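Colleague: Please find run.pdb (PDB, C-alpha atoms) on the next line:
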```pdb
MODEL        1
ATOM      1  CA  MET M  17       0.000   0.000   0.000
ATOM      2  CA  VAL M  18       2.854   2.384   0.932
ATOM      3  CA  ARG M  19       4.610   1.548  -2.342
ATOM      4  CA  ARG M  20       1.435   2.150  -4.384
ATOM      5  CA  LEU M  21       0.810   5.496  -2.671
ATOM      6  CA  SER M  22       4.433   6.447  -3.269
ATOM      7  CA  ARG M  23       4.126   5.672  -6.994
ATOM      8  CA  ALA M  24       0.904   7.691  -7.319
ATOM      9  CA  LEU M  25       2.524  10.656  -5.573
ATOM     10  CA  ASP M  26       5.603  10.382  -7.824
ATOM     11  CA  ILE M  27       3.331  11.167 -10.768
ATOM     12  CA  VAL M  28       1.234  13.895  -9.157
ATOM     13  CA  VAL M  29       3.719  15.958  -7.126
ATOM     14  CA  ALA M  30       5.993  17.432  -9.822
ATOM     15  CA  PRO M  31       3.161  18.823 -12.006
ATOM     16  CA  ALA M  32       1.359  20.137  -8.904
ATOM     17  CA  MET M  33       4.460  22.037  -7.771
ATOM     18  CA  LEU M  34       5.011  23.373 -11.277
ATOM     19  CA  ILE M  35       1.426  24.659 -11.465
ATOM     20  CA  SER M  36       1.877  26.292  -8.049
ATOM     21  CA  LEU M  37       5.006  28.104  -9.190
ATOM     22  CA  VAL M  38       3.330  29.313 -12.383
ATOM     23  CA  LEU M  39       0.322  30.614 -10.440
ATOM     24  CA  ALA M  40       2.478  32.208  -7.720
ATOM     25  CA  PHE M  41       4.732  34.058 -10.167
ATOM     26  CA  LEU M  42       2.600  34.662 -13.257
ATOM     27  CA  TYR M  43      -1.079  34.518 -12.297
ATOM     28  CA  ALA M  44      -1.321  36.200  -8.870
ATOM     29  CA  PRO M  45      -1.174  39.993  -9.067
ATOM     30  CA  ASP M  46       1.291  42.184  -7.144
ATOM     31  CA  GLU M  47       0.275  43.262  -3.656
ATOM     32  CA  ALA M  48      -0.326  47.003  -3.262
ATOM     33  CA  THR M  49       2.226  47.700  -0.506
ATOM     34  CA  MET M  50       4.721  44.844  -0.750
ATOM     35  CA  LYS M  51       4.755  44.482  -4.547
ATOM     36  CA  SER M  52       6.261  41.163  -5.686
ATOM     37  CA  VAL M  53       7.993  40.137  -2.486
ATOM     38  CA  TYR M  54       4.692  39.040  -0.930
ATOM     39  CA  ARG M  55       4.838  36.011  -3.309
ATOM     40  CA  ILE M  56       7.039  34.324  -0.686
ATOM     41  CA  PHE M  57       3.746  33.949   1.194
ATOM     42  CA  PHE M  58       2.500  31.315  -1.324
ATOM     43  CA  PHE M  59       5.163  28.851  -0.185
ATOM     44  CA  HIS M  60       5.950  30.197   3.294
ATOM     45  CA  VAL M  61       2.475  29.643   4.764
ATOM     46  CA  PRO M  62       1.866  26.191   3.173
ATOM     47  CA  ALA M  63       5.328  25.022   4.340
ATOM     48  CA  ALA M  64       4.506  26.089   7.903
ATOM     49  CA  ALA M  65       1.031  24.512   7.670
ATOM     50  CA  SER M  66       2.562  21.248   6.401
ATOM     51  CA  SER M  67       4.911  21.173   9.374
ATOM     52  CA  PHE M  68       1.855  21.540  11.650
ATOM     53  CA  VAL M  69       0.281  18.560   9.872
ATOM     54  CA  GLY M  70       3.492  16.610  10.541
ATOM     55  CA  PHE M  71       3.409  17.518  14.228
ATOM     56  CA  ALA M  72      -0.280  16.551  14.387
ATOM     57  CA  ILE M  73       0.619  13.126  12.950
ATOM     58  CA  VAL M  74       3.300  12.801  15.665
ATOM     59  CA  PHE M  75       0.657  13.657  18.298
ATOM     60  CA  VAL M  76      -1.939  11.152  17.041
ATOM     61  CA  CYS M  77       0.612   8.363  16.481
ATOM     62  CA  SER M  78       2.133   8.930  19.933
ATOM     63  CA  ILE M  79      -1.274   8.482  21.569
ATOM     64  CA  LEU M  80      -1.961   5.405  19.443
ATOM     65  CA  TYR M  81       1.445   3.946  20.324
ATOM     66  CA  LEU M  82       0.875   4.360  24.066
ATOM     67  CA  ARG M  83      -2.554   2.736  23.705
ATOM     68  CA  THR M  84      -1.614  -0.176  21.458
ATOM     69  CA  ARG M  85       2.227  -0.473  21.769
ATOM     70  CA  LYS M  86       2.420  -1.161  18.024
ATOM     71  CA  GLN M  87       5.866  -0.198  16.638
ATOM     72  CA  MET M  88       4.267   0.991  13.387
ATOM     73  CA  TYR M  89       2.835   4.074  15.132
ATOM     74  CA  ASP M  90       6.204   4.956  16.632
ATOM     75  CA  LEU M  91       7.839   4.552  13.253
ATOM     76  CA  LEU M  92       5.272   6.861  11.632
ATOM     77  CA  ALA M  93       5.640   9.438  14.442
ATOM     78  CA  GLY M  94       9.432   9.540  14.023
ATOM     79  CA  ALA M  95       9.146   9.951  10.253
ATOM     80  CA  ALA M  96       6.485  12.690  10.526
ATOM     81  CA  ALA M  97       8.548  14.597  13.102
ATOM     82  CA  GLU M  98      11.625  14.609  10.880
ATOM     83  CA  VAL M  99       9.735  15.783   7.788
ATOM     84  CA  GLY M 100       7.822  18.314   9.922
ATOM     85  CA  VAL M 101      11.080  19.773  11.242
ATOM     86  CA  VAL M 102      12.431  20.159   7.691
ATOM     87  CA  PHE M 103       9.262  21.991   6.573
ATOM     88  CA  CYS M 104       9.260  24.104   9.729
ATOM     89  CA  ALA M 105      12.885  25.140   9.077
ATOM     90  CA  VAL M 106      12.015  26.048   5.497
ATOM     91  CA  GLY M 107       8.966  28.025   6.678
ATOM     92  CA  ILE M 108      11.049  29.969   9.213
ATOM     93  CA  GLY M 109      13.810  30.609   6.660
ATOM     94  CA  MET M 110      11.378  31.877   4.032
ATOM     95  CA  GLY M 111       9.635  34.042   6.631
ATOM     96  CA  MET M 112      12.956  35.629   7.599
ATOM     97  CA  LEU M 113      13.717  36.374   3.957
ATOM     98  CA  TRP M 114      10.287  37.956   3.598
ATOM     99  CA  ALA M 115      10.728  40.006   6.779
ATOM    100  CA  LYS M 116      14.030  41.609   5.762
ATOM    101  CA  PRO M 117      12.750  43.740   2.842
ATOM    102  CA  VAL M 118       9.341  44.363   4.458
ATOM    103  CA  TRP M 119      10.206  45.019   8.123
ATOM    104  CA  GLY M 120      13.860  45.928   7.613
ATOM    105  CA  THR M 121      15.092  43.057   9.799
ATOM    106  CA  TYR M 122      15.284  39.263   9.576
ATOM    107  CA  TRP M 123      13.987  38.670  13.095
ATOM    108  CA  ILE M 124      12.053  40.620  15.723
ATOM    109  CA  PRO M 125      12.859  39.167  19.164
ATOM    110  CA  GLY M 126       9.666  40.542  20.752
ATOM    111  CA  ASP M 127       7.304  39.122  18.132
ATOM    112  CA  VAL M 128       5.171  36.463  19.827
ATOM    113  CA  HIS M 129       4.534  34.466  16.649
ATOM    114  CA  LEU M 130       8.206  34.305  15.679
ATOM    115  CA  MET M 131       9.324  33.317  19.158
ATOM    116  CA  THR M 132       6.652  30.626  19.647
ATOM    117  CA  THR M 133       7.472  29.187  16.202
ATOM    118  CA  ALA M 134      11.180  29.049  17.101
ATOM    119  CA  VAL M 135      10.311  27.277  20.379
ATOM    120  CA  LEU M 136       8.076  24.799  18.529
ATOM    121  CA  PHE M 137      10.895  24.075  16.076
ATOM    122  CA  LEU M 138      13.319  23.466  18.951
ATOM    123  CA  ILE M 139      10.838  21.161  20.724
ATOM    124  CA  TYR M 140      10.739  18.868  17.695
ATOM    125  CA  VAL M 141      14.505  19.093  17.145
ATOM    126  CA  SER M 142      14.916  17.902  20.741
ATOM    127  CA  TYR M 143      12.333  15.173  20.037
ATOM    128  CA  LEU M 144      14.526  13.920  17.173
ATOM    129  CA  MET M 145      17.662  14.185  19.327
ATOM    130  CA  LEU M 146      15.982  12.107  21.999
ATOM    131  CA  ARG M 147      15.035   9.458  19.452
ATOM    132  CA  ALA M 148      18.593   9.337  18.152
ATOM    133  CA  SER M 149      20.089   8.975  21.618
ATOM    134  CA  ILE M 150      18.145   5.914  22.848
ATOM    135  CA  GLU M 151      19.120   2.461  21.556
ATOM    136  CA  ASP M 152      16.328   0.391  23.052
ATOM    137  CA  ASP M 153      13.306   0.431  20.700
ATOM    138  CA  GLU M 154      10.623   0.124  23.352
ATOM    139  CA  ARG M 155      12.103   2.750  25.686
ATOM    140  CA  ARG M 156      12.715   5.166  22.818
ATOM    141  CA  ALA M 157       9.157   4.775  21.553
ATOM    142  CA  ARG M 158       7.666   5.309  25.025
ATOM    143  CA  LEU M 159       9.674   8.442  25.873
ATOM    144  CA  ALA M 160       9.294   9.905  22.383
ATOM    145  CA  SER M 161       5.532   9.386  22.571
ATOM    146  CA  VAL M 162       5.340  11.407  25.778
ATOM    147  CA  ILE M 163       7.283  14.297  24.201
ATOM    148  CA  GLY M 164       5.248  13.940  20.998
ATOM    149  CA  ILE M 165       2.031  14.423  22.964
ATOM    150  CA  PHE M 166       3.157  17.345  25.152
ATOM    151  CA  GLY M 167       5.169  18.989  22.353
ATOM    152  CA  PHE M 168       2.032  19.328  20.258
ATOM    153  CA  ALA M 169       0.741  21.926  22.737
ATOM    154  CA  GLY M 170       3.074  24.327  20.901
ATOM    155  CA  VAL M 171       1.065  24.119  17.662
ATOM    156  CA  PRO M 172      -2.156  25.806  18.881
ATOM    157  CA  ILE M 173      -0.013  28.317  20.800
ATOM    158  CA  VAL M 174       1.762  29.278  17.553
ATOM    159  CA  TYR M 175      -1.516  29.369  15.616
ATOM    160  CA  PHE M 176      -3.390  31.540  18.102
ATOM    161  CA  SER M 177      -0.421  33.726  19.077
ATOM    162  CA  ILE M 178      -1.091  36.162  16.233
ATOM    163  CA  ARG M 179      -4.859  35.915  16.504
ATOM    164  CA  VAL M 180      -5.198  36.474  20.241
ATOM    165  CA  VAL M 181      -2.130  38.276  21.593
ATOM    166  CA  GLN M 182      -1.120  40.368  18.547
ATOM    167  CA  ILE M 183       2.251  41.536  19.882
ATOM    168  CA  GLY M 184       4.674  42.156  17.053
ATOM    169  CA  ASN M 185       4.553  42.615  13.312
ATOM    170  CA  HIS M 186       3.541  39.218  11.962
ATOM    171  CA  PRO M 187       0.505  39.511   9.668
ATOM    172  CA  VAL M 188      -2.813  37.730  10.205
ATOM    173  CA  LEU M 189      -4.461  36.454   7.056
ATOM    174  CA  LEU M 190      -7.598  38.562   6.624
ATOM    175  CA  GLY M 191      -8.783  38.853   3.052
ATOM    176  CA  LEU M 192      -7.167  38.066  -0.272
ATOM    177  CA  GLU M 193      -8.031  39.136  -3.765
ATOM    178  CA  PRO M 194      -9.770  36.217  -5.648
ATOM    179  CA  ARG M 195      -6.725  35.433  -7.851
ATOM    180  CA  MET M 196      -4.457  35.463  -4.790
ATOM    181  CA  GLN M 197      -6.949  33.239  -2.987
ATOM    182  CA  LEU M 198      -7.013  30.674  -5.807
ATOM    183  CA  THR M 199      -3.218  30.678  -6.009
ATOM    184  CA  PHE M 200      -2.978  30.215  -2.264
ATOM    185  CA  MET M 201      -5.397  27.255  -2.294
ATOM    186  CA  VAL M 202      -3.502  25.546  -5.129
ATOM    187  CA  CYS M 203      -0.152  26.142  -3.398
ATOM    188  CA  MET M 204      -1.525  24.776  -0.130
ATOM    189  CA  THR M 205      -2.819  21.604  -1.835
ATOM    190  CA  SER M 206       0.448  21.042  -3.731
ATOM    191  CA  MET M 207       2.508  21.596  -0.611
ATOM    192  CA  LEU M 208       0.435  19.058   1.331
ATOM    193  CA  LEU M 209       0.903  16.573  -1.526
ATOM    194  CA  PHE M 210       4.637  17.307  -1.524
ATOM    195  CA  PHE M 211       4.732  16.806   2.236
ATOM    196  CA  THR M 212       2.888  13.470   1.912
ATOM    197  CA  PHE M 213       5.256  12.414  -0.882
ATOM    198  CA  ILE M 214       8.310  13.009   1.328
ATOM    199  CA  LEU M 215       6.632  11.468   4.370
ATOM    200  CA  VAL M 216       5.830   8.286   2.439
ATOM    201  CA  ARG M 217       9.457   8.049   1.290
ATOM    202  CA  ARG M 218      10.601   8.502   4.890
ATOM    203  CA  VAL M 219       8.201   5.803   6.100
ATOM    204  CA  ARG M 220       9.490   3.428   3.397
ATOM    205  CA  LEU M 221      13.005   4.074   4.678
ATOM    206  CA  GLU M 222      11.964   3.192   8.228
ATOM    207  CA  LEU M 223      10.212   0.029   7.024
ATOM    208  CA  ALA M 224      13.374  -1.029   5.189
ATOM    209  CA  ARG M 225      15.454  -0.313   8.297
ATOM    210  CA  ALA M 226      13.109  -2.449  10.424
ATOM    211  CA  GLU M 227      13.344  -5.226   7.826
ATOM    212  CA  VAL M 228      17.172  -5.092   7.910
ATOM    213  CA  ALA M 229      17.165  -5.301  11.708
ATOM    214  CA  ARG M 230      14.749  -8.237  11.618
ATOM    215  CA  MET M 231      16.790 -10.128   9.013
ATOM    216  CA  ARG M 232      20.009  -9.570  10.964
ATOM    217  CA  ARG M 233      18.352 -11.048  14.024
ATOM    218  CA  ASP M 234      17.058 -14.019  11.983
ATOM    219  CA  LEU M 235      20.507 -14.625  10.528
ATOM    220  CA  LEU M 236      22.165 -14.421  13.907
ATOM    221  CA  GLU M 237      19.616 -16.769  15.458
ATOM    222  CA  LEU M 238      20.107 -19.224  12.607
ATOM    223  CA  ALA M 239      23.882 -19.134  12.861
ATOM    224  CA  TYR M 240      24.219 -19.027  16.660
ATOM    225  CA  PRO M 241      20.859 -20.115  18.129
ATOM    226  CA  ARG M 242      21.629 -20.162  21.866
ATOM    227  CA  GLU M 243      23.968 -17.166  22.099
ATOM    228  CA  ALA M 244      21.809 -14.989  19.904
ATOM    229  CA  THR M 245      18.679 -15.736  21.904
ATOM    230  CA  ALA M 246      20.488 -14.977  25.153
ATOM    231  CA  ARG M 247      21.739 -11.671  23.786
ATOM    232  CA  VAL M 248      18.338 -10.683  22.404
ATOM    233  CA  VAL M 249      16.744 -11.420  25.754
ATOM    234  CA  ALA M 250      19.448  -9.400  27.514
ATOM    235  CA  GLY M 251      18.608  -6.484  25.226
ATOM    236  CA  ALA M 252      22.083  -6.259  23.667
ATOM    237  CA  ALA M 253      22.513  -4.600  20.303
ATOM    238  CA  VAL M 254      22.812  -7.732  18.223
ATOM    239  CA  GLU M 255      23.369  -5.869  14.949
ATOM    240  CA  THR M 256      26.682  -4.429  16.089
ATOM    241  CA  GLN M 257      28.197  -7.899  16.251
ATOM    242  CA  TRP M 258      28.323  -8.148  12.479
ATOM    243  CA  ASN M 259      30.986  -6.744  10.245
ATOM    244  CA  ALA M 260      29.163  -5.407   7.181
ATOM    245  CA  PRO M 261      29.380  -5.980   4.267
ATOM    246  CA  ASP M 262      30.724  -9.556   4.507
ATOM    247  CA  LEU M 263      28.600 -10.312   7.602
ATOM    248  CA  ALA M 264      31.422 -12.241   9.238
ATOM    249  CA  PRO M 265      30.963 -12.541  12.994
ATOM    250  CA  THR M 266      33.414 -10.604  15.157
ATOM    251  CA  SER M 267      35.463 -12.201  17.896
ATOM    252  CA  GLU M 268      32.719 -11.355  20.434
ATOM    253  CA  VAL M 269      30.431 -14.024  18.981
ATOM    254  CA  PRO M 270      31.583 -17.502  19.908
ATOM    255  CA  SER M 271      31.884 -19.822  16.915
TER     256      SER M 271
ATOM    257  CA  MET N  15      -3.562  41.832   4.576
ATOM    258  CA  ASN N  16      -2.446  43.326   7.886
ATOM    259  CA  ILE N  17       1.324  43.450   7.455
ATOM    260  CA  GLY N  18       2.434  45.650  10.317
ATOM    261  CA  GLN N  19       5.055  48.328   9.699
ATOM    262  CA  VAL N  20       6.447  48.194   6.163
ATOM    263  CA  HIS N  21       9.893  49.568   5.301
ATOM    264  CA  LEU N  22       9.845  48.356   1.717
ATOM    265  CA  GLN N  23      12.274  49.966  -0.689
ATOM    266  CA  THR N  24      11.441  49.493  -4.369
ATOM    267  CA  GLN N  25      13.716  47.160  -6.371
ATOM    268  CA  GLN N  26      15.385  45.812  -3.219
ATOM    269  CA  PHE N  27      13.036  42.894  -2.716
ATOM    270  CA  LEU N  28      13.744  40.740  -5.784
ATOM    271  CA  PRO N  29      16.933  39.122  -4.404
ATOM    272  CA  TYR N  30      14.998  38.134  -1.261
ATOM    273  CA  LEU N  31      12.197  36.619  -3.309
ATOM    274  CA  THR N  32      14.689  34.640  -5.385
ATOM    275  CA  VAL N  33      16.716  33.487  -2.383
ATOM    276  CA  ALA N  34      13.559  32.445  -0.507
ATOM    277  CA  TYR N  35      12.395  30.131  -3.304
ATOM    278  CA  CYS N  36      15.946  28.835  -3.874
ATOM    279  CA  LEU N  37      16.179  28.077  -0.153
ATOM    280  CA  PHE N  38      12.919  26.161  -0.248
ATOM    281  CA  PHE N  39      13.901  23.962  -3.183
ATOM    282  CA  ALA N  40      17.532  23.534  -2.090
ATOM    283  CA  VAL N  41      16.592  22.353   1.414
ATOM    284  CA  ILE N  42      13.771  20.074   0.323
ATOM    285  CA  PHE N  43      15.682  18.484  -2.535
ATOM    286  CA  ALA N  44      18.791  17.993  -0.386
ATOM    287  CA  TYR N  45      16.580  16.191   2.113
ATOM    288  CA  VAL N  46      14.929  14.039  -0.578
ATOM    289  CA  LEU N  47      18.370  13.225  -1.980
ATOM    290  CA  SER N  48      19.628  12.153   1.444
ATOM    291  CA  LEU N  49      16.517   9.959   1.841
ATOM    292  CA  SER N  50      17.219   8.316  -1.520
ATOM    293  CA  ARG N  51      20.834   7.625  -0.569
ATOM    294  CA  ARG N  52      19.833   6.136   2.763
ATOM    295  CA  GLN N  53      17.204   4.021   0.992
ATOM    296  CA  SER N  54      19.659   2.662  -1.577
ATOM    297  CA  ARG N  55      22.174   1.828   1.173
ATOM    298  CA  LEU N  56      19.459  -0.070   3.066
ATOM    299  CA  ASP N  57      18.362  -1.852  -0.111
ATOM    300  CA  ASN N  58      21.945  -3.047  -0.589
ATOM    301  CA  ASP N  59      22.061  -4.250   3.021
ATOM    302  CA  LEU N  60      18.749  -6.057   2.528
ATOM    303  CA  ALA N  61      19.943  -7.839  -0.623
ATOM    304  CA  LEU N  62      23.137  -8.891   1.140
ATOM    305  CA  LEU N  63      21.286 -10.160   4.188
ATOM    306  CA  ARG N  64      18.767 -12.052   2.068
ATOM    307  CA  ARG N  65      21.611 -13.789   0.249
ATOM    308  CA  ALA N  66      23.403 -14.611   3.508
ATOM    309  CA  LEU N  67      20.187 -15.936   5.039
ATOM    310  CA  ASP N  68      19.482 -18.155   2.015
ATOM    311  CA  GLU N  69      23.030 -19.516   2.080
ATOM    312  CA  GLU N  70      22.784 -20.223   5.792
ATOM    313  CA  LYS N  71      19.468 -22.066   5.317
ATOM    314  CA  ARG N  72      20.881 -24.078   2.428
ATOM    315  CA  ARG N  73      23.921 -25.019   4.504
ATOM    316  CA  ARG N  74      21.698 -26.479   7.192
TER     317      ARG N  74
ENDMDL
END
```
In structure tokens, what does this structure look like?
Modeller:
Amino acid sequence: MVRRLSRALDIVVAPAMLISLVLAFLYAPDEATMKSVYRIFFFHVPAAASSFVGFAIVFVCSILYLRTRKQMYDLLAGAAAEVGVVFCAVGIGMGMLWAKPVWGTYWIPGDVHLMTTAVLFLIYVSYLMLRASIEDDERRARLASVIGIFGFAGVPIVYFSIRVVQIGNHPVLLGLEPRMQLTFMVCMTSMLLFFTFILVRRVRLELARAEVARMRRDLLELAYPREATARVVAGAAVETQWNAPDLAPTSEVPS
Amino acid sequence: MNIGQVHLQTQQFLPYLTVAYCLFFAVIFAYVLSLSRRQSRLDNDLALLRRALDEEKRRR
């Protein structure tokens, strides 16, 4: 199913992005005050929105993992967090490049929206760091799920920061001219497709990694039944006992 | 659109617009490229392991 979805997205994504670029640069009119530079908005906002979708997937999968303890949910949460962080970084970068010519500075330290977005980005970077630092699958999944659930609190804070508090310069989307609106909707759809395309690729990578780990365990159990079982039970990292690519056992494994 | 205080100077915004879109595509495609590399490395590992597993089964 993942493979089929990946193939369908391979066909759809490139034309969708091309159409978005054409609309953003050739179809949408200039904005009265900001002229052409506002066109950054057509990719900046969808990139940020896609990262929110990624963080929402982390949130849902973390809850599902804690309820069911199925590794698949943890795998999906890890993949969504990584892709979400990439899109969030791109959104922040594009926003900074939009701010410089419009506000005269790349960053306004007192702006609530900018600061909460930076904090949200750092929360998910730390989530990925935590995942990378724990070897044991079960422990990593459990701790990451807890951070994935609490970290999501940052998303509504970022979203409502400009709508409720309104401290700083960041704009709130009020009304767009019909051509701008159409362009924005197309860009948003393409960006979500692009996000899904990358997420599916990332999930496929995780599935392949799980398959490699499983096959290494099978091979080890087949070659050294008693020792391998004892080591698996003890929670040792069995994979490290092999010297890739010839798969010859190291001196640690008794022959 | 409510855009706060604007200090826009005509003709100075085009480099920012260009760099912003370049940044987007550079970052995303670098990430996709790294995913592809990781995937091909894992595919190689998988093929190797499958072969080793088959040989081990045949030997027994």
Colleague: Which one of M:Ala169, M:Met204, M:Met17, M:Val228 sits closest to Thr132 of chain M if you count all atoms listed in the file?
Modeller: M:Ala169
Colleague: Mind listing whatever residues come within 12 Å of the point (18.8, -23.8, 6.1)? Use only C-alpha atoms, file coordinates, and give them as a ChimeraX atom specification.
Modeller: /M:234-235,237-239 /N:65-74
Colleague: Emit the selected residues as a PDB file, in the frame of the given file, including C-alpha atoms.
Modeller:
```
ATOM      1  CA  ASP M 234      17.058 -14.019  11.983  1.00  0.00           C
ATOM      2  CA  LEU M 235      20.507 -14.625  10.528  1.00  0.00           C
ATOM      3  CA  GLU M 237      19.616 -16.769  15.458  1.00  0.00           C
ATOM      4  CA  LEU M 238      20.107 -19.224  12.607  1.00  0.00           C
ATOM      5  CA  ALA M 239      23.882 -19.134  12.861  1.00  0.00           C
TER       6      ALA M 239
ATOM      7  CA  ARG N  65      21.611 -13.789   0.249  1.00  0.00           C
ATOM      8  CA  ALA N  66      23.403 -14.611   3.508  1.00  0.00           C
ATOM      9  CA  LEU N  67      20.187 -15.936   5.039  1.00  0.00           C
ATOM     10  CA  ASP N  68      19.482 -18.155   2.015  1.00  0.00           C
ATOM     11  CA  GLU N  69      23.030 -19.516   2.080  1.00  0.00           C
ATOM     12  CA  GLU N  70      22.784 -20.223   5.792  1.00  0.00           C
ATOM     13  CA  LYS N  71      19.468 -22.066   5.317  1.00  0.00           C
ATOM     14  CA  ARG N  72      20.881 -24.078   2.428  1.00  0.00           C
ATOM     15  CA  ARG N  73      23.921 -25.019   4.504  1.00  0.00           C
ATOM     16  CA  ARG N  74      21.698 -26.479   7.192  1.00  0.00           C
TER      17      ARG N  74
END
```
Colleague: Spell out the residues picked by the ChimeraX specification (/N :<7) & /M here, as JSON, numbers by chain.
Modeller: {"M": [50, 53, 56, 106, 110, 113, 114, 117, 118, 119, 120, 185, 186, 187, 188, 189, 190, 191, 214, 218, 221, 224, 225, 228, 231, 232, 235]}
Colleague: Which distance in Å separates atom CA of Met207 of chain M and atom CA of Pro62 of chain M, to one decimal?
Modeller: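 Interatomic distance, atom CA of Met207 of chain M to atom CA of Pro62 of chain M: 6.0 Å.
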Colleague: Could you give me the axis-aligned bounding box of segment 34-47 of chain N, with 4 Å of padding per side, as centre plus edge lengths in Å to one decimal, as lines of an AutoDock Vina configuration file?
Modeller:
```
center_x = 15.6
center_y = 22.8
center_z = -0.9
size_x = 14.4
size_y = 27.2
size_z = 14.0
```
Colleague: I'd like to see the residues matched by the PyMOL selection byres ((chain M and resi 71) around 8) on this file, and ideally I'd get them as a PyMOL selection string.
Modeller: chain M and resi 67-70+72-75+96-97+100+164+168+171
